[in-house]
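The data block below is protein-v8.tsv; it holds TSV, C-alpha atoms.
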chain	number	residue	atom	x	y	z
A	1	MET	CA	79.40	42.81	18.93
A	2	ILE	CA	80.96	43.79	15.60
A	3	ASP	CA	84.62	44.47	14.95
A	4	THR	CA	84.77	48.17	14.20
A	5	SER	CA	88.45	48.30	13.23
A	6	ASN	CA	87.70	47.13	9.67
A	7	ILE	CA	84.83	49.60	9.38
A	8	GLU	CA	87.06	52.41	10.55
A	9	ARG	CA	89.82	51.44	8.12
A	10	VAL	CA	87.48	51.41	5.12
A	11	ALA	CA	85.76	54.62	6.24
A	12	GLN	CA	89.13	56.31	6.75
A	13	HIS	CA	90.17	55.36	3.23
A	14	PHE	CA	87.00	56.75	1.68
A	15	THR	CA	86.82	59.94	3.71
A	16	THR	CA	90.39	60.85	2.82
A	17	GLN	CA	90.27	59.76	-0.82
A	18	VAL	CA	86.98	61.26	-1.99
A	19	GLU	CA	86.76	64.83	-3.14
A	20	ARG	CA	85.12	67.08	-0.60
A	21	PRO	CA	85.04	70.66	-1.82
A	22	GLN	CA	85.11	73.31	0.83
A	23	ILE	CA	81.66	74.41	1.94
A	24	VAL	CA	82.16	78.16	2.08
A	25	GLY	CA	79.00	79.37	3.86
A	26	ARG	CA	78.53	79.19	7.60
A	27	GLN	CA	76.06	76.72	9.09
A	28	ALA	CA	72.69	78.46	9.10
A	29	GLY	CA	70.95	76.73	12.00
A	30	SER	CA	67.34	77.82	12.46
A	31	GLU	CA	67.69	80.43	9.71
A	32	ALA	CA	67.43	77.63	7.15
A	33	LYS	CA	63.79	77.00	8.04
A	34	GLU	CA	63.05	80.72	7.89
A	35	PHE	CA	64.71	80.94	4.48
A	36	ARG	CA	62.69	78.01	3.12
A	37	ILE	CA	59.45	79.63	4.26
A	38	GLU	CA	60.37	82.97	2.70
A	39	LYS	CA	61.48	81.30	-0.52
A	40	LEU	CA	58.28	79.28	-0.78
A	41	ALA	CA	56.21	82.43	-0.32
A	42	LEU	CA	58.09	84.04	-3.21
A	43	LYS	CA	57.78	80.95	-5.35
A	44	GLU	CA	54.01	81.03	-4.98
A	45	LYS	CA	54.04	84.58	-6.32
A	46	GLY	CA	56.27	83.59	-9.25
A	47	TYR	CA	59.48	85.03	-7.75
A	48	PRO	CA	58.92	88.77	-8.25
A	49	THR	CA	62.42	90.11	-8.94
A	50	ARG	CA	62.53	93.00	-6.47
A	51	GLN	CA	61.39	90.90	-3.53
A	52	THR	CA	63.60	87.97	-4.51
A	53	LYS	CA	66.59	90.26	-4.70
A	54	ALA	CA	65.77	91.53	-1.20
A	55	LEU	CA	65.66	87.96	0.11
A	56	VAL	CA	69.01	87.16	-1.51
A	57	LYS	CA	70.58	90.34	-0.13
A	58	LYS	CA	69.39	89.53	3.40
A	59	TYR	CA	71.11	86.15	3.45
A	60	LEU	CA	74.07	87.19	1.32
A	61	GLU	CA	75.07	89.76	3.92
A	62	LYS	CA	75.29	87.05	6.60
A	63	ASN	CA	78.06	85.29	4.66
A	64	MET	CA	79.65	88.14	2.75
A	65	ASP	CA	82.95	88.00	4.64
A	66	ARG	CA	83.37	84.31	3.81
A	67	PHE	CA	82.49	84.81	0.14
A	68	MET	CA	84.84	87.78	-0.21
A	69	ALA	CA	87.65	85.74	1.35
A	70	GLN	CA	87.30	82.99	-1.27
A	71	LEU	CA	86.06	84.56	-4.48
A	72	ASP	CA	87.82	87.03	-6.71
A	73	LYS	CA	88.40	87.74	-10.40
A	74	ASN	CA	90.36	84.48	-10.71
A	75	SER	CA	87.28	82.51	-9.68
A	76	ILE	CA	84.33	81.36	-11.71
A	77	ILE	CA	80.84	80.78	-10.35
A	78	VAL	CA	78.95	77.77	-11.72
A	79	PRO	CA	75.27	77.93	-10.71
A	80	VAL	CA	73.44	74.64	-10.31
A	81	PRO	CA	70.75	74.54	-13.02
A	82	SER	CA	67.30	74.85	-11.56
A	83	GLY	CA	64.50	72.36	-12.07
A	84	SER	CA	61.86	74.26	-13.90
A	85	GLY	CA	64.09	77.18	-14.73
A	86	CYS	CA	62.15	79.53	-12.55
A	87	ASN	CA	64.16	79.41	-9.33
A	88	LYS	CA	65.32	82.97	-9.50
A	89	VAL	CA	66.91	82.84	-6.08
A	90	THR	CA	69.96	80.89	-7.25
A	91	GLU	CA	70.36	82.95	-10.40
A	92	ILE	CA	70.01	86.31	-8.61
A	93	PHE	CA	72.44	85.10	-5.95
A	94	ALA	CA	74.92	84.16	-8.66
A	95	ILE	CA	74.62	87.51	-10.45
A	96	MET	CA	74.92	89.52	-7.22
A	97	LEU	CA	77.94	87.52	-6.07
A	98	HIS	CA	79.56	88.03	-9.46
A	99	GLN	CA	78.95	91.78	-9.23
A	100	MET	CA	80.25	92.02	-5.66
A	101	THR	CA	83.35	89.84	-5.87
A	102	GLY	CA	84.40	90.21	-9.50
A	103	ALA	CA	84.25	86.43	-9.94
A	104	GLN	CA	83.31	85.35	-13.46
A	105	LEU	CA	79.87	83.85	-14.02
A	106	LEU	CA	79.56	80.78	-16.24
A	107	SER	CA	77.51	81.37	-19.40
A	108	PRO	CA	73.98	79.96	-19.13
A	109	GLY	CA	73.12	76.69	-20.81
A	110	LEU	CA	76.56	75.10	-20.74
A	111	ILE	CA	75.29	72.67	-18.11
A	112	ALA	CA	71.88	71.10	-18.52
A	113	LYS	CA	69.82	69.26	-15.98
A	114	THR	CA	68.26	65.99	-17.06
A	115	HIS	CA	66.37	64.85	-13.97
A	116	HIS	CA	62.87	65.90	-13.18
A	117	TYR	CA	62.20	66.73	-9.58
A	118	GLU	CA	63.55	69.72	-7.76
A	119	ALA	CA	65.58	68.71	-4.72
A	120	LYS	CA	63.12	68.51	-1.89
A	121	ASN	CA	63.82	68.06	1.75
A	122	ASN	CA	60.84	65.75	2.11
A	123	LEU	CA	61.99	63.21	-0.48
A	124	SER	CA	63.59	60.09	0.99
A	125	LEU	CA	66.77	58.49	-0.35
A	126	GLU	CA	64.64	55.67	-1.74
A	127	LYS	CA	62.52	58.06	-3.75
A	128	ARG	CA	65.49	60.05	-4.99
A	129	ILE	CA	67.06	56.88	-6.39
A	130	SER	CA	64.02	56.49	-8.65
A	131	ASP	CA	64.87	59.77	-10.42
A	132	PRO	CA	68.59	60.23	-9.92
A	133	ILE	CA	70.09	63.66	-10.37
A	134	GLY	CA	71.87	64.04	-13.71
A	135	TYR	CA	73.59	66.76	-15.66
A	136	VAL	CA	75.19	66.99	-19.06
A	137	ILE	CA	77.94	69.50	-19.81
A	138	ASN	CA	79.04	71.16	-23.02
A	139	GLN	CA	82.57	70.02	-22.27
A	140	LYS	CA	84.44	72.05	-24.87
A	141	GLU	CA	82.86	75.39	-24.02
A	142	PHE	CA	82.84	74.67	-20.29
A	143	LEU	CA	86.57	73.95	-20.22
A	144	ALA	CA	87.27	77.00	-22.36
A	145	GLU	CA	85.37	79.30	-19.97
A	146	THR	CA	86.80	77.80	-16.80
A	147	LYS	CA	90.39	77.48	-17.96
A	148	GLY	CA	92.76	78.96	-15.38
A	149	LYS	CA	89.90	79.77	-13.00
A	150	THR	CA	89.06	78.43	-9.56
A	151	ILE	CA	85.64	76.83	-9.82
A	152	PHE	CA	82.91	77.29	-7.23
A	153	ILE	CA	79.54	75.58	-7.58
A	154	LEU	CA	76.72	77.82	-6.42
A	155	ASP	CA	73.26	76.93	-5.20
A	156	ASP	CA	70.81	78.83	-3.03
A	157	LEU	CA	70.77	76.17	-0.32
A	158	ILE	CA	72.88	73.15	0.53
A	159	GLY	CA	71.33	70.36	2.56
A	160	SER	CA	72.63	66.90	1.72
A	161	GLY	CA	74.60	68.53	-1.09
A	162	GLU	CA	73.24	66.14	-3.67
A	163	SER	CA	72.72	68.68	-6.44
A	164	SER	CA	76.14	70.24	-5.94
A	165	VAL	CA	77.99	66.95	-5.50
A	166	LYS	CA	76.43	65.41	-8.60
A	167	LEU	CA	77.39	68.50	-10.56
A	168	ARG	CA	80.90	68.34	-9.11
A	169	GLN	CA	81.20	64.73	-10.25
A	170	GLU	CA	80.14	65.68	-13.77
A	171	ILE	CA	82.58	68.60	-13.82
A	172	ASN	CA	85.37	66.22	-12.74
A	173	ARG	CA	84.42	63.92	-15.59
A	174	ALA	CA	84.67	66.88	-17.94
A	175	GLY	CA	88.26	67.33	-16.80
A	176	ALA	CA	88.01	70.17	-14.29
A	177	GLN	CA	88.24	70.45	-10.50
A	178	VAL	CA	85.93	72.21	-8.08
A	179	LYS	CA	87.33	74.11	-5.15
A	180	GLY	CA	84.22	74.91	-3.19
A	181	PHE	CA	80.47	75.08	-2.76
A	182	VAL	CA	78.97	78.51	-2.30
A	183	ASN	CA	75.48	78.76	-0.84
A	184	LEU	CA	73.18	81.46	0.40
A	185	VAL	CA	72.03	79.15	3.18
A	186	THR	CA	74.03	76.19	4.47
A	187	VAL	CA	71.85	73.69	6.31
A	188	GLU	CA	74.76	71.34	6.91
A	189	ALA	CA	78.37	72.42	6.51
A	190	ARG	CA	80.03	69.21	7.62
A	191	TYR	CA	80.89	65.98	5.87
A	192	PRO	CA	80.51	62.60	7.63
A	193	THR	CA	83.48	61.57	9.73
A	194	VAL	CA	84.85	58.09	10.31
A	195	GLY	CA	83.04	58.22	13.65
A	196	ASP	CA	79.70	59.05	11.98
A	197	ILE	CA	80.01	56.17	9.52
A	198	THR	CA	81.10	53.71	12.23
A	199	ARG	CA	78.24	54.71	14.51
A	200	PHE	CA	75.75	54.29	11.68
A	201	ILE	CA	76.96	50.81	10.77
A	202	LYS	CA	76.99	49.75	14.42
A	203	LYS	CA	73.36	50.82	14.67
A	204	ILE	CA	72.44	48.71	11.64
A	205	ALA	CA	74.34	45.74	13.10
A	206	GLU	CA	72.60	46.07	16.47
A	207	HIS	CA	69.21	45.72	14.80
A	208	THR	CA	70.10	42.95	12.36
A	209	GLY	CA	72.41	40.80	14.53
A	210	ASP	CA	74.26	37.78	13.11
A	211	ALA	CA	72.63	38.11	9.68
A	212	PHE	CA	74.68	41.25	9.13
A	213	LYS	CA	78.19	39.96	9.89
A	214	PRO	CA	79.04	38.32	6.53
A	215	LYS	CA	78.00	41.51	4.72
A	216	GLN	CA	79.82	43.89	7.00
A	217	LEU	CA	82.78	44.83	4.82
A	218	SER	CA	80.91	45.19	1.55
A	219	PHE	CA	78.18	47.10	3.33
A	220	THR	CA	80.75	49.48	4.78
A	221	GLU	CA	81.98	50.19	1.27
A	222	ASN	CA	78.41	50.77	0.12
A	223	VAL	CA	77.76	53.17	2.99
A	224	CYS	CA	80.89	55.11	2.08
A	225	LEU	CA	79.95	55.21	-1.59
A	226	THR	CA	76.48	56.44	-0.73
A	227	PHE	CA	77.37	59.03	1.90
A	228	ALA	CA	81.06	59.96	2.02
A	229	GLU	CA	80.95	62.69	-0.64
A	230	PHE	CA	77.77	64.32	0.64
A	231	THR	CA	77.10	66.35	3.75
A	232	ARG	CA	76.20	64.68	7.02
A	233	GLN	CA	72.55	65.45	6.41
A	234	LYS	CA	72.18	62.59	3.92
A	235	LEU	CA	73.50	60.06	6.44
A	236	ASN	CA	71.62	61.57	9.39
A	237	ARG	CA	68.31	61.41	7.55
A	238	ILE	CA	68.46	57.68	6.96
A	239	GLU	CA	69.99	57.00	10.38
A	240	ARG	CA	66.96	58.59	12.03
A	241	GLU	CA	64.69	56.08	10.27
A	242	ILE	CA	66.47	53.05	11.77
A	243	ARG	CA	64.50	51.89	14.78
A	244	ASN	CA	64.19	48.11	14.51
A	245	THR	CA	65.09	45.08	12.39
A	246	VAL	CA	62.57	45.94	9.67
A	247	THR	CA	63.78	49.50	9.17
A	248	ALA	CA	67.43	48.45	9.45
A	249	THR	CA	66.95	45.76	6.79
A	250	LYS	CA	65.18	48.24	4.56
A	251	ALA	CA	68.02	50.73	5.03
A	252	ILE	CA	70.54	48.07	3.94
A	253	SER	CA	68.71	47.43	0.66
A	254	VAL	CA	68.19	51.15	-0.06
A	255	ILE	CA	71.87	51.85	0.56
A	256	GLU	CA	72.92	48.95	-1.65
A	257	ALA	CA	70.73	50.33	-4.45
A	258	ALA	CA	72.12	53.84	-3.93
A	259	ALA	CA	75.70	52.52	-3.97
A	260	ARG	CA	75.04	50.66	-7.23
A	261	LEU	CA	73.86	53.96	-8.67
A	262	GLU	CA	77.07	55.68	-7.56
A	263	LYS	CA	79.13	52.95	-9.23
A	264	LYS	CA	77.01	52.59	-12.36
A	265	ILE	CA	78.51	53.02	-15.80
A	266	LEU	CA	76.48	55.62	-17.64
A	267	PRO	CA	74.25	54.14	-20.34
A	268	PRO	CA	75.21	54.78	-23.99
A	269	THR	CA	72.52	57.43	-24.45
A	270	PHE	CA	74.47	59.65	-22.12
A	271	ILE	CA	77.92	58.82	-23.33
A	272	ASN	CA	77.11	59.38	-26.98
A	273	TYR	CA	74.51	62.08	-26.59
A	274	GLU	CA	75.26	65.09	-28.77
A	275	THR	CA	73.05	67.78	-30.14
A	276	SER	CA	73.33	70.58	-32.61
A	277	ILE	CA	73.71	72.93	-29.66
A	278	GLY	CA	76.69	71.00	-28.39
A	279	LEU	CA	75.45	69.29	-25.24
A	280	HIS	CA	77.11	65.99	-24.50
A	281	SER	CA	78.01	63.95	-21.50
A	282	THR	CA	81.57	63.15	-20.63
A	283	ALA	CA	83.27	59.77	-20.23
A	284	SER	CA	81.66	57.06	-18.13
A	285	ARG	CA	82.62	56.69	-14.53
A	286	THR	CA	83.50	53.38	-12.95
A	287	ILE	CA	84.88	52.40	-9.60
B	1	MET	CA	77.26	81.21	-26.37
B	2	LYS	CA	73.61	80.61	-27.25
B	3	HIS	CA	71.04	83.41	-26.90
B	4	LEU	CA	67.29	83.51	-26.55
B	5	SER	CA	67.04	85.02	-30.01
B	6	ASP	CA	68.54	81.81	-31.42
B	7	TYR	CA	65.35	79.89	-30.61
B	8	THR	CA	62.45	79.81	-33.07
B	9	ALA	CA	58.93	80.81	-32.00
B	10	GLN	CA	57.86	77.18	-32.27
B	11	GLN	CA	60.67	76.02	-29.96
B	12	VAL	CA	59.78	78.69	-27.42
B	13	GLU	CA	56.15	77.63	-27.52
B	14	GLN	CA	57.11	73.97	-26.98
B	15	PHE	CA	59.40	74.78	-24.08
B	16	GLU	CA	56.81	76.99	-22.40
B	17	ALA	CA	54.28	74.17	-22.72
B	18	MET	CA	56.81	71.85	-21.08
B	19	ARG	CA	57.29	74.35	-18.28
B	20	LYS	CA	53.60	74.19	-17.37
B	21	VAL	CA	53.61	70.40	-17.32
B	22	LEU	CA	56.76	70.18	-15.20
B	23	GLU	CA	55.62	72.84	-12.77
B	24	GLU	CA	52.43	70.92	-12.17
B	25	LEU	CA	54.36	67.68	-11.63
B	26	ASN	CA	56.72	69.39	-9.19
B	27	ARG	CA	53.78	70.85	-7.33
B	28	LYS	CA	52.23	67.39	-6.94
B	29	ALA	CA	55.59	65.92	-5.90
B	30	ALA	CA	55.96	68.60	-3.23
B	31	GLU	CA	52.49	67.80	-1.88
B	32	SER	CA	52.67	64.05	-1.97
B	33	GLY	CA	56.40	63.38	-1.54
B	34	GLU	CA	56.18	61.16	-4.62
B	35	VAL	CA	58.29	61.64	-7.74
B	36	ALA	CA	56.08	61.41	-10.83
B	37	LEU	CA	57.26	58.50	-12.98
B	38	PRO	CA	57.65	57.72	-15.78
B	39	LEU	CA	59.10	61.09	-16.71
B	40	PRO	CA	56.93	62.88	-19.27
B	41	TYR	CA	59.91	63.71	-21.48
B	42	PRO	CA	63.09	61.87	-22.40
B	43	LYS	CA	66.29	63.09	-20.77
B	44	GLU	CA	67.62	64.56	-24.00
B	45	VAL	CA	64.54	66.77	-24.22
B	46	MET	CA	64.89	67.70	-20.55
B	47	ALA	CA	68.47	68.81	-21.24
B	48	HIS	CA	67.36	71.10	-24.08
B	49	TYR	CA	64.60	72.48	-21.91
B	50	SER	CA	67.03	73.13	-19.06
B	51	GLN	CA	69.33	75.00	-21.40
B	52	TYR	CA	66.50	77.15	-22.75
B	53	CYS	CA	65.30	78.02	-19.21
B	54	GLN	CA	68.74	79.08	-18.05
B	55	ILE	CA	69.35	81.30	-21.06
B	56	LYS	CA	65.93	82.93	-20.76
B	57	LEU	CA	66.29	83.53	-17.04
B	58	ARG	CA	69.81	84.98	-17.30
B	59	GLU	CA	68.85	87.38	-20.06
B	60	GLU	CA	65.73	88.55	-18.23
B	61	LEU	CA	67.55	89.10	-14.96
B	62	MET	CA	70.53	90.87	-16.50
B	63	LYS	CA	68.09	93.46	-17.83
B	64	GLU	CA	66.35	93.85	-14.48
B	65	LEU	CA	69.24	93.78	-12.02

Take the structure from the file and write it as structure tokens.
Amino acid sequence: MIDTSNIERVAQHFTTQVERPQIVGRQAGSEAKEFRIEKLALKEKGYPTRQTKALVKKYLEKNMDRFMAQLDKNSIIVPVPSGSGCNKVTEIFAIMLHQMTGAQLLSPGLIAKTHHYEAKNNLSLEKRISDPIGYVINQKEFLAETKGKTIFILDDLIGSGESSVKLRQEINRAGAQVKGFVNLVTVEARYPTVGDITRFIKKIAEHTGDAFKPKQLSFTENVCLTFAEFTRQKLNRIEREIRNTVTATKAISVIEAAARLEKKILPPTFINYETSIGLHSTASRTI
Amino acid sequence: MKHLSDYTAQQVEQFEAMRKVLEELNRKAAESGEVALPLPYPKEVMAHYSQYCQIKLREELMKEL
């Protein structure tokens, strides 16, 4: 039996201290699956504009009241850069939202994506660590465009929130704050609670027994580092995989690796990276 | 702000060649659940490519929408 009071104290600290922008869209439920199917069908046709716009309009209308309540001419929409550059859904969503609400739209190319894969719902945490999400921001122009504006990060879909959270972290490093995440489809609108984190750690402890006890506090910190800023989906996904000692032990090592990534100081190539077109990363982040 | 017209024909050709390679890798990753490593291009090049794609897409869509 583990002592959960320490876990709860650490989890409480993290869940209240980390930045958790408001997730503006309503939880989509079964519509998320429908959306993914429709989007994939369009992707296979190369995202014809008229049909893609119709798809965006269909889901935009479901959340329009929430978007109108949050976005106005004092806001600025920051779309998450797409993987191959051909995800028109996010870009059309951004343009339509800009036209409907009067919110400014960030100029293209001020934020660049440096990782390879597109966020996929079938990629495990372990596999995502191998190609971590990264962005670089043209800090000077970004701050100039967003000055005095309320920033909303926009993506077509939010699941674990990894793309949006990583972008939010980079924007923070650039010296700006993000108010909310705006999504056409919201698979998960909730962040992990102290109860979620405690339950997860208890499950790990049940499967690993006495071997776990000495690590309990540091592991709690690692769980919080790995999951606290993201939606509950990220935690739920790995929790579902824990069934016995083997899978629990594997989860511990994956989470420790993920936490190291969250704490890592950026390598010099990022810190000093500059180009003639002005892209550079911002200061390193340490915890 | 950078525009599509700021890129040379050679740069456009290189980026479009990159697009084909990355699309194929993403397709395989979607099928297999495996991320293709090592990455075929350094991160600095990926950043330039990302910038080009965004600018191209925005300009195309602003004309169409």

Using only C-alpha atoms, what table do you get, as a Markdown table, when you list each residue of region 2-107 of chain A with an atom no more than 10 Å from region 202-211 of chain A, its nearest pair of atoms, and their distance in Å rounded to one decimal, rows by chain then rising number?
| residue | atom | partner | partner_atom | distance |
| --- | --- | --- | --- | --- |
| A:Ile2 | CA | A:Lys202 | CA | 7.3 |
| A:Asp3 | CA | A:Lys202 | CA | 9.3 |
| A:Thr4 | CA | A:Lys202 | CA | 7.9 |
| A:Ile7 | CA | A:Lys202 | CA | 9.3 |

Any chance you could tabulate, as a tab-separated table, the residues of chain B at most 7 Å from chain A with each one's nearest atom pair and distance in Å to one decimal, using only C-alpha atoms, in chain and rising number order?
residue	atom	partner	partner_atom	distance
B:Met1	CA	A:Ser107	CA	7.0
B:Arg19	CA	A:Ser84	CA	6.3
B:Leu22	CA	A:Ser84	CA	6.7
B:Glu23	CA	A:Ser84	CA	6.5
B:Asn26	CA	A:Tyr117	CA	6.1
B:Gly33	CA	A:Leu123	CA	5.7
B:Val35	CA	A:Tyr117	CA	6.7
B:Lys43	CA	A:Thr114	CA	5.1
B:Met46	CA	A:Thr114	CA	5.1
B:Ala47	CA	A:Ala112	CA	4.9
B:Ser50	CA	A:Ala112	CA	5.3
B:Gln51	CA	A:Gly109	CA	4.2
B:Tyr52	CA	A:Gly109	CA	6.9
B:Cys53	CA	A:Gly85	CA	4.7
B:Gln54	CA	A:Pro108	CA	5.4
B:Ile55	CA	A:Pro108	CA	5.2
B:Arg58	CA	A:Pro108	CA	6.8

Just to be explicit: take each residue in the selection above, keep C-alpha atoms, and write the result as an mmCIF file, in the coordinates of the input.
data_model
loop_
_atom_site.group_PDB
_atom_site.id
_atom_site.type_symbol
_atom_site.label_atom_id
_atom_site.label_comp_id
_atom_site.auth_asym_id
_atom_site.auth_seq_id
_atom_site.Cartn_x
_atom_site.Cartn_y
_atom_site.Cartn_z
ATOM 1 C CA MET B 1 77.260 81.210 -26.370
ATOM 2 C CA ARG B 19 57.290 74.350 -18.280
ATOM 3 C CA LEU B 22 56.760 70.180 -15.200
ATOM 4 C CA GLU B 23 55.620 72.840 -12.770
ATOM 5 C CA ASN B 26 56.720 69.390 -9.190
ATOM 6 C CA GLY B 33 56.400 63.380 -1.540
ATOM 7 C CA VAL B 35 58.290 61.640 -7.740
ATOM 8 C CA LYS B 43 66.290 63.090 -20.770
ATOM 9 C CA MET B 46 64.890 67.700 -20.550
ATOM 10 C CA ALA B 47 68.470 68.810 -21.240
ATOM 11 C CA SER B 50 67.030 73.130 -19.060
ATOM 12 C CA GLN B 51 69.330 75.000 -21.400
ATOM 13 C CA TYR B 52 66.500 77.150 -22.750
ATOM 14 C CA CYS B 53 65.300 78.020 -19.210
ATOM 15 C CA GLN B 54 68.740 79.080 -18.050
ATOM 16 C CA ILE B 55 69.350 81.300 -21.060
ATOM 17 C CA ARG B 58 69.810 84.980 -17.300
#

List every residue of region 17-102 of chain A that has an atom at most 9 Å from any atom of region 227-237 of chain A, giving for each one its closest atom pair and the distance in Å to one decimal, counting all atoms listed in the file, sorted by chain and then by ascending residue number, as a tab-separated table.
residue	atom	partner	partner_atom	distance
A:Val18	CA	A:Glu229	CA	6.3
A:Glu19	CA	A:Glu229	CA	6.7
A:Arg20	CA	A:Glu229	CA	6.1

Would you mind reading off the distance between CA of Leu184 (chain A) and CA of Thr90 (chain A), one decimal, in Å?
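Result for CA of Leu184 (chain A) versus CA of Thr90 (chain A): 8.3 Å, one decimal.
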
Can you pull out the residues contacting Phe67 (chain A)? Cut-off 12 Å, using only C-alpha atoms, and skip same-chain residues under 6 positions away; I want them as a list of chain:residue names.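 Once the adjacent positions are removed, what remains is A:Gln22, A:Ile23, A:Val24, A:Gly25, A:Arg26, A:Tyr59, A:Leu60, A:Glu61, A:Ser75, A:Ile77, A:Phe93, A:Ala94, A:Met96, A:Leu97, A:His98, A:Met100, A:Thr101, A:Gly102, A:Ala103, A:Phe152, A:Leu154, A:Gly180, A:Phe181, A:Val182, A:Asn183, A:Leu184.
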
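Counting from CA of Gln27 (chain A), the distance to CA of Ile238 (chain A) is 20.6 Å.
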
Pick the closest to Ile151 (chain A) from A:Arg199, A:Lys213, A:Gln70, A:Thr186: which is it, counting only C-alpha atoms?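 Under the stated criterion, the closest residue is A:Gln70.
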